[in-house]
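Here is work.cif, consisting of mmCIF, C-alpha atoms:
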```
data_my_file
#
loop_
_atom_site.label_atom_id
_atom_site.label_comp_id
_atom_site.auth_asym_id
_atom_site.auth_seq_id
_atom_site.Cartn_x
_atom_site.Cartn_y
_atom_site.Cartn_z
CA MET A 144 123.93 218.03 57.53
CA GLY A 145 124.35 215.38 60.23
CA ALA A 146 126.10 213.03 57.81
CA LEU A 147 127.76 209.95 59.27
CA GLN A 148 130.70 210.22 56.83
CA LEU A 149 132.22 212.75 54.46
CA GLY A 150 131.63 210.61 51.38
CA GLY A 151 128.29 211.30 49.72
CA VAL A 152 127.71 214.58 51.55
CA VAL A 153 127.09 216.39 48.23
CA ARG A 154 124.38 213.89 47.30
CA LEU A 155 122.89 214.21 50.79
CA ALA A 156 122.85 218.01 50.50
CA ARG A 157 121.19 217.77 47.10
CA ARG A 158 118.53 215.42 48.42
CA ALA A 159 117.99 217.56 51.51
CA LEU A 160 117.26 220.51 49.23
CA LEU A 161 114.96 218.33 47.12
CA VAL A 162 113.00 217.04 50.13
CA THR A 163 112.73 220.55 51.58
CA VAL A 164 111.47 222.18 48.38
CA ALA A 165 109.09 219.30 47.61
CA SER A 166 107.63 219.13 51.12
CA GLU A 167 107.18 222.86 51.48
CA GLY A 168 105.86 223.20 47.93
CA ILE A 169 103.25 220.46 48.30
CA GLY A 170 102.34 221.72 51.78
CA ALA A 171 101.93 225.30 50.55
CA ALA A 172 99.73 224.12 47.65
CA LEU A 173 97.44 222.24 50.02
CA LEU A 174 97.32 225.13 52.49
CA THR A 175 96.10 227.50 49.75
CA LEU A 176 92.84 225.54 49.84
CA TRP A 177 92.38 226.77 53.41
CA PHE A 178 93.99 230.22 53.38
CA CYS A 179 92.90 231.62 50.00
CA PRO A 180 89.13 231.37 50.63
CA ARG A 181 89.63 233.22 53.93
CA TYR A 182 92.27 235.83 53.06
CA GLY A 183 92.05 236.24 49.30
CA VAL A 184 94.38 234.89 46.62
CA GLY A 185 97.35 237.21 47.17
CA LYS A 186 97.56 237.17 50.96
CA GLY A 187 96.34 233.57 51.12
CA LEU A 188 99.16 232.40 48.85
CA TRP A 189 101.75 234.24 50.94
CA MET A 190 100.38 232.83 54.20
CA SER A 191 100.32 229.32 52.73
CA VAL A 192 104.00 229.51 51.80
CA PHE A 193 104.96 231.05 55.15
CA HIS A 194 103.19 228.44 57.25
CA ALA A 195 104.46 225.57 55.09
CA VAL A 196 108.06 226.71 55.64
CA SER A 197 107.43 227.39 59.33
CA ALA A 198 105.95 223.93 59.89
CA PHE A 199 108.59 221.99 57.94
CA CYS A 200 111.40 223.84 59.73
CA ASN A 201 109.72 223.24 63.12
CA ALA A 202 109.73 227.00 63.71
CA GLY A 203 106.16 227.44 64.96
CA PHE A 204 105.69 231.05 63.79
CA ASP A 205 102.28 231.97 62.39
CA LEU A 206 100.62 234.99 60.73
CA LEU A 207 97.10 234.50 62.02
CA GLY A 208 97.39 237.62 64.16
CA THR A 209 95.56 236.31 67.21
CA GLY A 210 98.64 235.83 69.39
CA SER A 211 97.41 232.37 70.32
CA SER A 212 98.87 230.32 67.46
CA ILE A 213 96.22 228.22 65.65
CA THR A 214 93.84 227.73 68.60
CA SER A 215 91.10 229.52 66.66
CA ALA A 216 91.40 226.85 63.93
CA ALA A 217 91.70 223.80 66.17
CA GLY A 218 88.73 222.14 64.49
CA GLU A 219 89.94 222.62 60.91
CA PRO A 220 91.08 219.19 59.58
CA LEU A 221 92.87 220.42 56.45
CA LEU A 222 95.03 222.99 58.25
CA ASN A 223 95.87 220.70 61.16
CA ILE A 224 96.65 217.60 59.09
CA VAL A 225 98.86 219.46 56.60
CA LEU A 226 100.80 221.20 59.38
CA MET A 227 101.28 217.89 61.21
CA ALA A 228 102.52 216.20 58.03
CA LEU A 229 105.03 218.98 57.40
CA ILE A 230 106.24 218.88 61.00
CA VAL A 231 106.78 215.13 60.79
CA CYS A 232 108.62 215.43 57.44
CA GLY A 233 110.98 218.05 58.83
CA GLY A 234 111.49 216.24 62.13
CA LEU A 235 112.51 212.88 60.64
CA GLY A 236 115.90 214.13 59.51
CA PHE A 237 117.55 214.17 56.10
CA LEU A 238 119.43 210.89 56.60
CA VAL A 239 116.09 209.12 56.95
CA TRP A 240 114.82 210.74 53.77
CA ASP A 241 118.04 209.75 52.02
CA ASP A 242 117.34 206.11 52.91
CA VAL A 243 113.70 206.45 51.82
CA LEU A 244 114.76 207.82 48.43
CA THR A 245 117.52 205.21 48.03
CA HIS A 246 115.87 202.04 49.33
CA GLY A 247 112.19 202.92 49.39
CA ARG A 248 110.10 200.52 51.47
CA HIS A 249 112.97 198.03 51.88
CA PHE A 250 113.31 198.78 55.60
CA ARG A 251 116.06 196.18 56.14
CA ARG A 252 118.41 198.08 53.84
CA TRP A 253 118.11 201.33 55.78
CA ARG A 254 120.93 202.61 57.98
CA LEU A 255 120.69 201.75 61.65
CA HIS A 256 120.27 205.48 62.35
CA SER A 257 117.23 205.67 60.06
CA LYS A 258 115.64 202.52 61.48
CA MET A 259 115.94 203.80 65.04
CA ALA A 260 114.73 207.30 64.15
CA ALA A 261 111.68 206.04 62.24
CA VAL A 262 110.57 203.41 64.77
CA VAL A 263 111.05 205.56 67.89
CA THR A 264 109.43 208.57 66.22
CA LEU A 265 106.36 206.51 65.32
CA PHE A 266 106.19 205.15 68.87
CA LEU A 267 106.43 208.61 70.44
CA TYR A 268 103.86 210.15 68.08
CA THR A 269 101.25 207.43 68.56
CA GLY A 270 101.94 206.91 72.26
CA GLY A 271 101.84 210.64 72.94
CA ALA A 272 98.59 211.11 71.00
CA ALA A 273 96.89 208.22 72.84
CA ALA A 274 98.03 209.57 76.21
CA PHE A 275 96.85 213.12 75.47
CA TYR A 276 93.47 211.80 74.27
CA PHE A 277 92.71 210.41 77.73
CA LEU A 278 94.67 212.84 79.93
CA GLU A 279 93.07 215.99 78.49
CA ALA A 280 89.51 214.70 78.01
CA ASP A 281 88.30 216.79 80.98
CA HIS A 282 90.88 219.56 80.72
CA ALA A 283 92.34 221.07 77.54
CA PHE A 284 90.03 219.03 75.25
CA ALA A 285 86.91 219.35 77.38
CA GLY A 286 83.70 219.80 75.39
CA THR A 287 85.06 218.30 72.16
CA ASP A 288 83.68 215.20 70.44
CA GLY A 289 85.70 212.05 69.76
CA PRO A 290 87.07 212.80 66.25
CA MET A 291 88.04 216.38 67.10
CA ARG A 292 89.64 215.29 70.38
CA ALA A 293 91.65 212.67 68.50
CA MET A 294 92.91 215.28 66.04
CA MET A 295 93.80 217.71 68.82
CA ALA A 296 95.59 214.94 70.72
CA ALA A 297 97.58 214.01 67.63
CA PHE A 298 98.48 217.65 66.99
CA GLN A 299 99.57 218.14 70.61
CA SER A 300 101.81 215.08 70.37
CA VAL A 301 103.35 216.23 67.08
CA THR A 302 103.86 219.88 68.01
CA ALA A 303 105.64 218.89 71.23
CA ARG A 304 108.45 217.53 69.07
CA THR A 305 109.87 221.10 68.73
CA ALA A 306 107.25 222.38 66.25
CA GLY A 307 105.82 225.18 68.40
CA PHE A 308 102.30 225.48 66.95
CA ALA A 309 99.49 225.25 69.50
CA SER A 310 95.91 224.17 68.82
CA VAL A 311 94.95 224.51 72.52
CA ASP A 312 95.89 226.92 75.30
CA GLN A 313 98.93 225.33 76.95
CA SER A 314 97.98 226.76 80.35
CA SER A 315 94.82 224.61 80.27
CA LEU A 316 96.76 221.33 80.21
CA SER A 317 96.40 218.97 83.16
CA GLN A 318 99.38 218.25 85.40
CA GLY A 319 99.75 214.88 83.68
CA GLY A 320 99.62 216.57 80.30
CA VAL A 321 102.31 219.05 81.33
CA LEU A 322 104.57 216.21 82.48
CA LEU A 323 104.03 214.37 79.19
CA MET A 324 104.85 217.54 77.28
CA LEU A 325 108.10 217.92 79.22
CA LEU A 326 109.10 214.39 78.25
CA LEU A 327 108.23 214.85 74.56
CA MET A 328 109.98 218.24 74.40
CA PHE A 329 113.02 216.70 76.11
CA VAL A 330 113.26 214.03 73.39
CA GLY A 331 112.58 216.38 70.48
CA ALA A 332 113.04 215.42 66.84
CA ALA A 333 115.44 213.08 65.05
CA SER A 334 119.16 213.79 64.69
CA GLY A 335 120.05 215.67 61.53
CA SER A 336 116.58 217.21 61.31
CA THR A 337 115.12 220.70 61.55
CA GLY A 338 114.01 220.11 65.16
CA GLY A 339 115.67 220.37 68.57
CA GLY A 340 115.73 218.42 71.83
CA VAL A 341 118.26 215.78 72.85
CA LYS A 342 117.08 213.96 69.71
CA VAL A 343 115.19 210.73 69.16
CA ASN A 344 118.27 208.55 68.70
CA THR A 345 119.82 209.86 71.91
CA PHE A 346 116.68 208.90 73.80
CA ALA A 347 116.67 205.49 72.12
CA VAL A 348 120.29 204.86 73.08
CA LEU A 349 119.56 205.80 76.71
CA ALA A 350 116.57 203.43 76.84
CA LEU A 351 118.49 200.61 75.17
CA GLY A 352 121.39 201.12 77.58
CA VAL A 353 119.05 200.77 80.54
CA ARG A 354 117.53 197.63 79.02
CA ALA A 355 120.97 196.10 78.46
CA ARG A 356 122.02 196.87 82.03
CA ILE A 357 118.82 195.33 83.44
CA ARG A 358 119.49 192.20 81.40
CA ARG A 359 123.13 192.19 82.56
CA GLN A 360 124.38 192.53 79.00
CA ASP A 361 127.72 194.14 78.23
CA ASP A 362 126.71 195.20 74.71
CA VAL A 363 123.82 197.44 73.63
CA ASN A 364 122.18 195.78 70.61
CA ILE A 365 119.38 196.80 68.29
CA PHE A 366 118.30 195.50 64.85
CA ARG A 367 121.11 192.89 64.98
CA ARG A 368 123.74 195.60 65.38
CA ARG A 369 125.90 196.58 68.36
CA LEU A 370 125.99 200.25 69.25
CA ASP A 371 129.36 201.96 69.42
CA GLU A 372 130.50 202.70 72.99
CA GLY A 373 131.48 206.22 71.98
CA ASP A 374 127.90 206.91 70.84
CA ILE A 375 126.58 205.58 74.18
CA HIS A 376 128.88 207.90 76.15
CA LYS A 377 127.90 210.82 73.91
CA ALA A 378 124.20 210.11 74.44
CA ASN A 379 124.63 210.04 78.23
CA SER A 380 126.66 213.27 78.20
CA THR A 381 124.22 215.05 75.87
CA ALA A 382 121.19 214.18 78.03
CA SER A 383 123.01 215.11 81.24
CA LEU A 384 124.11 218.50 79.92
CA TYR A 385 120.62 219.19 78.59
CA LEU A 386 119.01 218.43 81.96
CA PHE A 387 121.62 220.46 83.82
CA GLY A 388 121.04 223.48 81.57
CA ALA A 389 117.26 223.20 81.78
CA LEU A 390 117.21 222.85 85.57
CA LEU A 391 119.66 225.74 85.97
CA GLY A 392 117.46 227.93 83.78
CA CYS A 393 114.39 226.78 85.70
CA MET A 394 116.06 227.86 88.94
CA VAL A 395 116.69 231.34 87.51
CA LEU A 396 113.02 231.70 86.54
CA CYS A 397 111.82 230.41 89.92
CA ILE A 398 114.06 232.88 91.77
CA GLN A 399 112.40 235.68 89.81
CA GLY A 400 108.90 234.66 90.82
CA VAL A 401 107.75 232.18 88.17
CA ASN A 402 105.95 229.15 89.63
CA LEU A 403 107.66 225.79 89.23
CA THR A 404 105.28 224.29 86.65
CA ASP A 405 105.48 227.30 84.34
CA ALA A 406 109.24 227.59 84.85
CA LEU A 407 109.83 223.94 83.92
CA TYR A 408 107.60 224.25 80.86
CA GLU A 409 109.34 227.44 79.75
CA THR A 410 112.86 226.09 80.18
CA PHE A 411 112.27 222.72 78.51
CA SER A 412 110.52 224.51 75.65
CA ALA A 413 113.51 226.85 75.29
CA MET A 414 116.18 224.16 75.53
CA SER A 415 114.38 222.10 72.87
CA THR A 416 113.64 225.20 70.73
CA VAL A 417 109.94 224.31 70.81
CA GLY A 418 108.49 227.77 71.28
CA LEU A 419 105.44 226.80 73.32
CA SER A 420 104.59 228.70 76.49
CA ARG A 421 102.03 228.76 79.28
CA ASN A 422 101.52 232.50 78.62
CA VAL A 423 104.42 233.68 80.80
CA THR A 424 107.14 234.54 78.27
CA GLY A 425 106.00 238.11 77.76
CA THR A 426 105.88 238.79 81.50
CA LEU A 427 109.33 237.44 82.35
CA PRO A 428 111.84 239.83 83.98
CA ALA A 429 114.92 240.82 81.98
CA LEU A 430 117.24 238.27 83.61
CA SER A 431 114.80 235.44 82.94
CA LYS A 432 114.48 236.49 79.31
CA TRP A 433 118.26 236.41 78.94
CA ALA A 434 118.26 232.93 80.48
CA VAL A 435 115.63 231.79 77.95
CA ILE A 436 117.67 233.30 75.10
CA LEU A 437 120.80 231.43 76.20
CA MET A 438 118.88 228.17 76.55
CA MET A 439 117.40 228.55 73.06
CA PHE A 440 120.87 229.18 71.65
CA ALA A 441 122.35 226.19 73.47
CA GLY A 442 119.43 224.02 72.42
CA ARG A 443 119.77 224.91 68.73
CA VAL A 444 123.57 224.61 68.56
CA GLY A 445 123.59 221.63 70.91
CA SER A 446 124.40 221.51 74.60
CA MET A 447 127.38 219.25 73.92
CA SER A 448 128.76 221.64 71.28
CA VAL A 449 128.42 224.61 73.63
CA ALA A 450 130.15 222.74 76.49
CA MET A 451 133.01 221.67 74.22
CA ALA A 452 133.39 225.21 72.89
CA VAL A 453 133.92 226.76 76.35
CA THR A 454 136.20 224.06 77.78
CA ARG A 455 139.76 223.15 76.97
CA GLY A 456 140.24 219.58 75.81
CA LYS A 457 143.27 217.38 76.31
CA ASP A 458 145.33 215.58 73.70
CA SER A 459 144.44 211.96 74.30
CA GLN A 460 147.61 210.76 72.56
CA ASN A 461 149.82 212.43 75.15
CA SER A 462 147.68 211.62 78.19
CA LEU A 463 148.35 208.83 80.62
CA ARG A 464 145.60 206.35 81.46
CA TYR A 465 145.17 205.93 85.19
CA VAL A 466 144.63 202.65 87.01
CA PRO A 467 140.89 201.83 87.07
CA GLU A 468 139.02 201.32 90.32
CA LYS A 469 135.37 200.35 90.81
CA ILE A 470 132.81 202.40 92.76
CA LEU A 471 129.20 201.76 93.77
CA ILE A 472 126.60 202.96 91.25
CA GLY A 473 122.89 203.05 91.98
#
```

Show me, as structure tokens, the structure contained in the file I just sent.
Amino acid sequence: MGALQLGGVVRLARRALLVTVASEGIGAALLTLWFCPRYGVGKGLWMSVFHAVSAFCNAGFDLLGTGSSITSAAGEPLLNIVLMALIVCGGLGFLVWDDVLTHGRHFRRWRLHSKMAAVVTLFLYTGGAAAFYFLEADHAFAGTDGPMRAMMAAFQSVTARTAGFASVDQSSLSQGGVLLMLLLMFVGAASGSTGGGVKVNTFAVLALGVRARIRRQDDVNIFRRRLDEGDIHKANSTASLYLFGALLGCMVLCIQGVNLTDALYETFSAMSTVGLSRNVTGTLPALSKWAVILMMFAGRVGSMSVAMAVTRGKDSQNSLRYVPEKILIG
């Protein structure tokens, strides 16, 4: 559940179920307005429920049958907006929804976790959409008018956060767009959510740590709170292990003939359990497919959890602490 403490976990589980059922139910009801006229009542209802669940859970699976996700419906506002809303709801995390249900719009009463997750998520969504709008004007979004380009840019920014739906062919992205996608996939969704990646709060802690070091501050502060040093170390370790796993997987794909851009995109997508591809997944050799499978598993369970599971820890109570000595960093 991603709870910060054992107390209240039953209430959190109950609210997580409530948010899930409500979000997917409302999303499915709205999607029937798009699917039923096109596929009939019976099949349209089934497809509405399936895509609502897939979007909220950041799965990215679709039943459109084209093999190219929702690119054929890139200009459909209802479908795109509802899917984006469901992706955002699932990617915020259940702790955030617990604070929303408990404190409503009283932002100051929210947990520090929820404040960071909400603010950084909003920044990444809006910043990513604005960047895609200009980067892909002559590439993936070429030939589209302003409103449609804005919607496609917003969808690209949202789906990069481990959702996996695609409204444009990912192989048509510019080099700048690919780099931006790698960054957004690396960050992923919020902690305790249905998404993957290193998580929004991990990224926020890394950025705040850099800011504190630049300002020569010993403490990392945000919203009038000081971050725990253990959380800072965990964030650094999580990001490092993620990058190590992604680059190792990228090397495997490159050795087997995949070009660097496609290999990076494939590995970051796998490690963050995004599910997007530049049309190379089906052509990968067996060893590369096994590498992608392992990266998806590590990304869903958590790179830190996998590393801790395969290494033997030491009992800190019986360990001696060595004399510290400084080294040069940077």

Next on the checklist: Using the chain letters and numbers from this file, what does the PyMOL selection byres ((chain A and resi 265-272) around 6) select? Give the answer as a ChimeraX atom specification.
Outcome noted: /A:262-264,273-275,296-297,300

Next on the checklist: Considering only C-alpha atoms, can you say which of A:Thr302, A:Tyr465, A:Leu437, A:Gly218 comes closest to Ala332 in chain A?
Outcome noted: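 Among the listed residues, the smallest separation from Ala332 in chain A belongs to A:Thr302.
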
Next on the checklist: Which residues would end up in the selection if the PyMOL selection byres ((chain A and resi 342-347) around 10) were applied here, given that I need the answer as a ChimeraX atom specification?
Outcome noted: /A:234-235,256-264,267,304,327-336,338-341,348-353,365,374-375,377-382,415

Checklist entry - Which residue gives the smallest distance to Arg369 in chain A among A:Ser166, A:Leu244, A:Leu255, A:Cys397, with only C-alpha atoms counted? => result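 Looking at the shortest contact to Arg369 in chain A, the residue is A:Leu255.
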
Next on the checklist: Between CA of Thr337 in chain A and CA of Gly233 in chain A, what distance in Å does the model show, to one decimal?
Outcome noted: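 Computed distance, CA of Thr337 in chain A to CA of Gly233 in chain A, equals 5.6 Å.
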
Item to check | Expansion of the PyMOL selection byres ((chain A and resi 406) around 9) into residues, as a count of residues only | outcome: 17

Item to check | Distance in Å - CA of Gly442 in chain A versus CA of Thr416 in chain A | outcome: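 One can read the CA of Gly442 in chain A to CA of Thr416 in chain A distance as 6.1 Å.
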
Checklist entry - CA of Asp242 in chain A and CA of Arg367 in chain A are how many Å apart? => result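 Atom-to-atom, CA of Asp242 in chain A to CA of Arg367 in chain A, that is 18.3 Å.
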
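Minimum atom-to-atom distances from A:Phe199, A:Phe298, A:Phe193, A:Phe178 to Ala217 in chain A were compared using only C-alpha atoms, and the lowest value belongs to A:Phe298.
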
Item to check | Which of A:Glu468, A:Met294, A:Leu326, A:Asp241 sits closest to Ala159 in chain A [using only C-alpha atoms] | outcome: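 Among the listed residues, the smallest separation from Ala159 in chain A belongs to A:Asp241.
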
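Minimum distance to Arg251 in chain A across A:Val417, A:Phe366, A:Leu161, A:Arg359 (counting all atoms listed in the file) occurs at A:Phe366.
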
Checklist entry - Once you count all atoms listed in the file, which residues end up no further than 6 Å from (92.8, 217.1, 84.2) in the file's frame, shown as a VMD selection string? => result chain A and resid 279 281 to 282 317

The selected residues should be written to file as a PDB file, in the coordinates of the input (atoms: C-alpha atoms).
```
ATOM      1  CA  GLU A 279      93.070 215.990  78.490  1.00  0.00           C
ATOM      2  CA  ASP A 281      88.300 216.790  80.980  1.00  0.00           C
ATOM      3  CA  HIS A 282      90.880 219.560  80.720  1.00  0.00           C
ATOM      4  CA  SER A 317      96.400 218.970  83.160  1.00  0.00           C
TER       5      SER A 317
END
```

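Proximity of A:Trp253, A:Lys186, A:Cys232, A:Ala202 to Thr163 in chain A, computed with only C-alpha atoms, is greatest for A:Cys232.
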
Next on the checklist: Excluding Glu167 in chain A and its own-chain neighbours fewer than 3 positions away, which residues fall within 9 Å of it when counting all atoms listed in the file? Please give them as a list in words.
Outcome noted: Val162, Thr163, Val164, Gly170, Ala171, Ala172, Val192, His194, Ala195, Val196, Ala198, Phe199 and Leu229 of chain A

Expected axis-aligned box over every listed atom of range 247-257 of chain A, 5 Å added per side, centre plus edges in Å to one decimal, as lines of an AutoDock Vina configuration file:
```
center_x = 115.5
center_y = 200.9
center_z = 55.9
size_x = 20.8
size_y = 19.5
size_z = 23.0
```

Checklist entry - Could you list as a PyMOL selection string every residue that has an atom within 9 Å of (101.5, 234.7, 60.2), using the file's coordinates and counting all atoms listed in the file? => result chain A and resi 190+193-194+204-208+212
